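A short write-up of the structure that comes next.
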Amino acid sequence: MANFNIDADKQVTYDAIVIGSGISGGWAAKELCEKGLKTLVLERGRMVEHIKDYPTMNDDPWDTELRGSLTPEQHKKHYKAGRSGFIGSDTEHFWANDEENPYTEVKPFLWIRAHQMGGRSLLWGKQTYRWSEIDFEANAKDGYGVDWPIRYRDLAPWYTHVEKFAGISGEALGLPQLPDSHFLPPMELNCVEKHVKSRIENQFPGRHMIIGRVAHLTEPLNGRGKCQYRNRCSRGCPYGAYFSSNAVTLPAASATGNLTIRPYSIAQSIIYDDVKGKATGVRIIDAETNETIEYKAKIIFCNASTLSTTQILLNSKSKRFENGFGNDSGELGHNLMDHTYRIGAMGNVDGFDDQYYKGRRPNGIYIPRYVNIDKQSTSDTFVRGFGFQGGGGRSGIQAAANQESFGGAYKDSILKPGPWEFFITGFAECLPYHENKVSLDTNSLDKWGQPTLAIDCEYKENELALNKQIQIDAVEMLEKAGLKNIVGFDNKHEPGYGIHEMGTARMGRDPKTSVLNATNQVHAAKNVFVTDGACMTSNSCVNPSLTYMAITARAANHAVAELNKQNI
Amino acid sequence: MDRRKLLKRTGLAAGATIMAPTLLSLLQSCQSEDRLGWKPLFLDQDEAQTISALVDTILPTTETPGALDVNVDVFLDKLFAKTYDKKSQDKLRADLQTFNQECIDQYGDTFSSLTAADKQSFLQSAETKGGKFNMGVWGTAVGEPQTISFYRSLKSMAIWAYFSSEEIGKHVLNYDPIPQEYDGCKPVSEVGNRWTF
C-alpha cells in the first residue's frame, strides 16, 4: 500500500495534491501517479485498507449482537444520514458522523457523507451508465442553465479508458440515449424479470428493460476476483469485485511509488498566491491534533465530493477571491441538482410460484429514458427525462407478517419462498436553478471550528411534472405486464435522497457564468481542477459516477500535458 | 407459578397490606424463580412472559424449531434494551399493557396465562386488526403508510429474529454464504426453503 505519511510532515511539497479519495479522487490519484507526478492525496477521515479494514465483510446475520440494528447512540451519530434507510450495524463505520459535521437544511436536504479513505466508493450503488449526447446538449437546446463546454465525443474515449480498468458489466444495446460501455458479460435477469421485460417491450415499442449496467466484475480483472453474489458489498468486498477506490484505483496509484496518502487531513482552504496568480497549495487541519499544515503543489485536484469541494472553495478566500475561490461569476455554490427518488410502482407477479433463483445479485433492472429523446417522444408538459431502476424477487418478512395467520402450519409455510414482487422506481433529471444553492454558515461551526454549509434546494415545477409522469408510467407498465396488487408510490423525498448531488461549481464556456472551463480548470486559476460532482453543468437522469470517473481521467491527463508544456 | 395467579389464589390480589412471612417468601421465590429460563435485560418478568408466549404461539415448535427453541424472545428483549430509545421503550411497555388488558377484558387473564385455545382465538382476532406493511424499495416502505398494530409489528420482528438466528439460518433455511454464481431461474423444487439472508 501507499506511503501513508501519517507523520511525514517534513515533506510538504508535491507535484500534485488531490483532495479526497472517493470515486473521482481515486481516479485523479491513479492517473497523476501513473504519469509520474508525486501525488499527495488528502483524506479527511481514517485509512481504510482494502480487505484489512472491512471488519464485517464475512458476517452472517447472527454474527453481530444486534443483527444489523443500530443503538440509539448510533442513530444519534447518523441523525441525518439515517433517513436514507441504508445504515445498519454492518456498515455503520463507513458513514460520516453527522454530529461532528453538521449542516443546515434551509429547505429539507439529505446530505450523505462518508469520511474515510475511499469515501462513498465503498458504499455506492455501482450502477454505471454513460451519459449521452442528448444529456450534453440539453442545456443548450432548452435553455436551462448554461451550455456544457464538452460533448459526448469529448468524453467517449475517456469512458472507454475508465471502463476497461474499472470493469463494467452490462449488455450492449446501441441506444443513442444510453451509449454502450466497454462491457464485461452482463448479469442475468431472473425468471420474473425476463417475463416482465418481454411484456413491457411488447406493449411499449421503444421501451427497453435491461439488466443494470454495474461496476461489478463478472470476470476476473487485473487480479481482482469476480462477483460471488453475496450482496454484502457495502461492507467492503473481500474479492475486490466491485469498483471502489480502496480496491481499484488507489492500489494502482500506490504501485507507481508516487502516491502519498495523508489521512485525518481536512482541507480547510486552497492557498492562492496573488503574485504568481495561481494556487500554490492546500491548507489542512489535522483532524486528530487540530494542527494546521500547508502542503504545496503545482496542481490541485478537488475531489472532496460535490458539496464538500464547494465548501472548501467557498472557504478559500483571498484578496483576489473575496467571495470564494474562482468565484468571479458568482455561480460558486449555485445550481445544485439531485435526481428525484422513490417514485414508481410495485406489485405481485403470479404464475411463477415454482421458480426461484440462486445467489444474491447486487444489481437490478434498468429501463432507459424513453421520453424527450426524439420528436415522437417529446412531452409538452416537461423537459428532460427519467429512467427506472427496479427488480423482482420473492418477498421477505413483511409479506409473511401481513398474512392473517400464525401457528405451526403458518410457520412451516413461511419457510418456503414468498410471493414474487416486482418494482420499478424512477430517477428524474433536475434542472440547474441558480437559486438552488449552498452557502457558508459562519454561525454554525463543525467540530474543528470551521464554517458549515447551509443548503437551500428544492424540486420545482419541471421535476414535479416528471415525477407525476413517472408514477403514471410505472403503474401503466406494471398493469400491462400483468402484475397484481399494484401500488403506485411517490415518497416525495427531498433532494439529496438520490445521493447524486451535482453542480455548485459548474463547467461552462463563459467565465462570467461558470466556475470551470472545458477541462475542469478553475477559469481564473488554471492549476486548480474540480472533477467531482461539483463540476456538473446539468444532471441527466442517469447515475453520474461513471461520468465523474471519465471526466476526472480526462482532466488529469490534460493537467499533466499542460504541466509538461509549462502552461500551468 | 404465575405471580398473578398466586395472588388470586391466595386472596391477596387486592389491597393486602400485611403478608404472612411465609406467603411473602413464597411470592419472592416465585419472582426470582427461573420461570423464563433467562434473565431479561429490559422487560420485567410479566412482560417477558407475554413476549415469550406470543412468539411461541406465532412460531411454535413443529418438526422444525419454534421461536423459543432459537431464543427469539431473548433476542427481542435484547433489541428492546439496546436499540430502543426511551420513547420507544415506553411505547412498547404501554402497548404490552394494552395488549394484556384486552386479554384480561376478554378472557380474564393476561396472554401468557390463557389456555392454548384462548390464545389462538385472541390472536385470530388480533390478525384482523390494523393495517398491513407496505412493500418496500431498498429498505424503505413505499406508498401511504398504514397504522400497524402492536401485534403485527411484534409478529414481524419475531419472524425476522427467527430467520436471522443461527439455527434457522444454517440448518432450516438454505445457507449459501458464498453463492459464487447467480442462477436467475432455478426451480423451487431444487432449492426447497428460502435462502438464508
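Every chain in the C-alpha cells takes a letter, A first, then B, and so on in the order presented; its residues are numbered from 1, and the ligands are numbered from 1 following the presented order.
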
| Near chain B, which residues of chain A fall within 6 Å when you count only C-alpha atoms, and what do they look like as a list of chain:residue names? |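 My answer is A:Pro61, A:Trp62, A:Leu70, A:Thr71, A:Pro72, A:Leu189, A:Asn190, A:Cys191, A:Gln228, A:Tyr229, A:Arg230, A:Asp354, A:Gln355, A:Tyr356, A:Tyr357, A:Lys358, A:Gly359, A:Ala401, A:Asn402, A:Glu404, A:Phe406, A:Gly407, A:Gly408, A:Lys411, A:Leu415, A:Lys416, A:Pro417, A:Phe489.
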
Limited to C-alpha atoms, could you put the picked residues into a file as a CSV table (one decimal), in the first residue's frame?
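out.csv written:
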chain,number,residue,atom,x,y,z
A,61,PRO,CA,-26.8,-12.0,10.5
A,62,TRP,CA,-26.3,-13.9,13.7
A,70,LEU,CA,-28.4,0.3,15.5
A,71,THR,CA,-28.2,1.5,19.1
A,72,PRO,CA,-29.8,4.9,20.0
A,189,LEU,CA,-32.3,-11.4,-15.2
A,190,ASN,CA,-34.4,-13.8,-13.2
A,191,CYS,CA,-37.5,-15.6,-14.5
A,228,GLN,CA,-19.6,-14.0,-5.7
A,229,TYR,CA,-23.2,-12.9,-5.5
A,230,ARG,CA,-23.2,-12.4,-1.7
A,354,ASP,CA,-42.4,-23.0,-8.9
A,355,GLN,CA,-39.5,-20.7,-9.9
A,356,TYR,CA,-36.8,-19.3,-7.7
A,357,TYR,CA,-33.2,-18.2,-8.1
A,358,LYS,CA,-29.8,-18.8,-6.6
A,359,GLY,CA,-27.5,-16.1,-5.4
A,401,ALA,CA,-46.1,-10.8,8.7
A,402,ASN,CA,-49.0,-9.5,6.6
A,404,GLU,CA,-53.5,-13.2,8.7
A,406,PHE,CA,-49.9,-17.8,12.8
A,407,GLY,CA,-49.0,-21.2,14.3
A,408,GLY,CA,-47.2,-24.3,13.2
A,411,LYS,CA,-44.5,-21.1,10.4
A,415,LEU,CA,-40.0,-21.1,5.5
A,416,LYS,CA,-40.8,-21.5,1.8
A,417,PRO,CA,-40.1,-18.7,-0.7
A,489,PHE,CA,-46.0,5.5,-5.0

| 9 Å contact set for Ala53 in chain B, only C-alpha atoms, chain neighbours under 4 positions out, as a list in words | Ala48, Gln49, Thr57, Ile58, Leu68, Asp73, Phe111, Ser112, Ser113 and Lys119 of chain B

| Nearest to Cys103 in chain B: which of B:Gln89, B:Asn71, B:Gln45, B:Thr50 is it, counting only C-alpha atoms? |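 Of the candidates, the smallest distance to Cys103 in chain B is held by B:Thr50.
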
| request: Enumerate, as an NGL selection string, the complete set of residues in chain B that a backbone-based DSSP assignment places in alpha helix (DSSP H). | output: :B and (3-9 or 21-32 or 45-58 or 72-83 or 86-107 or 116-127 or 150-163 or 166-167)

| request: Pick out the residues sitting within 12 Å of Glu102 in chain B, and hand them over as a list in words; count only C-alpha atoms, and ignore anything fewer than 3 positions along from it in its own chain. | output: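 Here the qualifying residues turn out to be Asp95, Leu96, Gln97, Thr98, Phe99, Asp105, Gln106, Tyr107, Gly108, Asp109, Thr110, Phe111, Lys119, Phe122, Leu123, Ser125 and Ala126 of chain B.
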
Export, as an mmCIF file, in the first residue's frame, the selected residues with N, CA and C atoms.
data_model
loop_
_atom_site.group_PDB
_atom_site.id
_atom_site.type_symbol
_atom_site.label_atom_id
_atom_site.label_comp_id
_atom_site.auth_asym_id
_atom_site.auth_seq_id
_atom_site.Cartn_x
_atom_site.Cartn_y
_atom_site.Cartn_z
ATOM 1 N N ASP B 95 -47.871 -0.539 25.002
ATOM 2 C CA ASP B 95 -48.522 -1.450 24.054
ATOM 3 C C ASP B 95 -48.727 -2.831 24.672
ATOM 4 N N LEU B 96 -47.712 -3.299 25.375
ATOM 5 C CA LEU B 96 -47.821 -4.612 26.025
ATOM 6 C C LEU B 96 -48.937 -4.605 27.068
ATOM 7 N N GLN B 97 -49.009 -3.511 27.776
ATOM 8 C CA GLN B 97 -50.033 -3.392 28.812
ATOM 9 C C GLN B 97 -51.431 -3.399 28.193
ATOM 10 N N THR B 98 -51.573 -2.623 27.119
ATOM 11 C CA THR B 98 -52.866 -2.576 26.429
ATOM 12 C C THR B 98 -53.235 -3.959 25.893
ATOM 13 N N PHE B 99 -52.242 -4.613 25.307
ATOM 14 C CA PHE B 99 -52.459 -5.951 24.741
ATOM 15 C C PHE B 99 -52.955 -6.903 25.832
ATOM 16 N N ASP B 105 -59.706 -8.351 29.663
ATOM 17 C CA ASP B 105 -61.103 -7.969 29.433
ATOM 18 C C ASP B 105 -61.882 -9.088 28.758
ATOM 19 N N GLN B 106 -61.246 -9.742 27.815
ATOM 20 C CA GLN B 106 -61.977 -10.749 27.039
ATOM 21 C C GLN B 106 -61.930 -12.147 27.652
ATOM 22 N N TYR B 107 -60.772 -12.476 28.271
ATOM 23 C CA TYR B 107 -60.609 -13.863 28.742
ATOM 24 C C TYR B 107 -60.268 -13.957 30.219
ATOM 25 N N GLY B 108 -60.179 -12.823 30.878
ATOM 26 C CA GLY B 108 -59.986 -12.829 32.314
ATOM 27 C C GLY B 108 -58.561 -13.026 32.782
ATOM 28 N N ASP B 109 -57.608 -13.044 31.857
ATOM 29 C CA ASP B 109 -56.225 -13.210 32.303
ATOM 30 C C ASP B 109 -55.265 -12.648 31.252
ATOM 31 N N THR B 110 -54.009 -12.480 31.674
ATOM 32 C CA THR B 110 -53.018 -11.998 30.718
ATOM 33 C C THR B 110 -52.720 -13.077 29.685
ATOM 34 N N PHE B 111 -52.106 -12.657 28.569
ATOM 35 C CA PHE B 111 -51.950 -13.558 27.435
ATOM 36 C C PHE B 111 -51.229 -14.849 27.807
ATOM 37 N N LYS B 119 -55.585 -18.427 23.548
ATOM 38 C CA LYS B 119 -54.502 -17.705 22.865
ATOM 39 C C LYS B 119 -54.780 -17.658 21.362
ATOM 40 N N PHE B 122 -57.657 -15.347 20.591
ATOM 41 C CA PHE B 122 -57.297 -13.934 20.761
ATOM 42 C C PHE B 122 -56.427 -13.440 19.593
ATOM 43 N N LEU B 123 -55.468 -14.247 19.185
ATOM 44 C CA LEU B 123 -54.592 -13.823 18.083
ATOM 45 C C LEU B 123 -55.326 -13.805 16.745
ATOM 46 N N SER B 125 -58.270 -12.877 16.318
ATOM 47 C CA SER B 125 -58.918 -11.576 16.304
ATOM 48 C C SER B 125 -57.888 -10.467 16.063
ATOM 49 N N ALA B 126 -56.724 -10.584 16.697
ATOM 50 C CA ALA B 126 -55.671 -9.560 16.518
ATOM 51 C C ALA B 126 -55.205 -9.490 15.068
#

| Pick from A:Met187, A:Ala518, A:Cys430, A:Ile568: nearest to Asp147 in chain A, with only C-alpha atoms counted? | A:Ala518

| query | Tell me, which residues of range 37-175 of chain B carry DSSP strand (DSSP E), written as number ranges by chain? | reply | B: 136-137, 140-141

| field | Spatial neighbours of Val530 in chain A, 6 Å, only C-alpha atoms, chain gap at least 5 places, as a ChimeraX atom specification | value | /A:301-302,520

Serialized selection, C-alpha atoms, as a JSON list (two decimals), in the first residue's frame:
[["chain", "number", "residue", "atom", "x", "y", "z"],
["A", 301, "PHE", "CA", -7.43, 18.41, -7.85],
["A", 302, "CYS", "CA", -10.64, 18.98, -5.87],
["A", 520, "ASN", "CA", -12.31, 21.32, -15.41]]
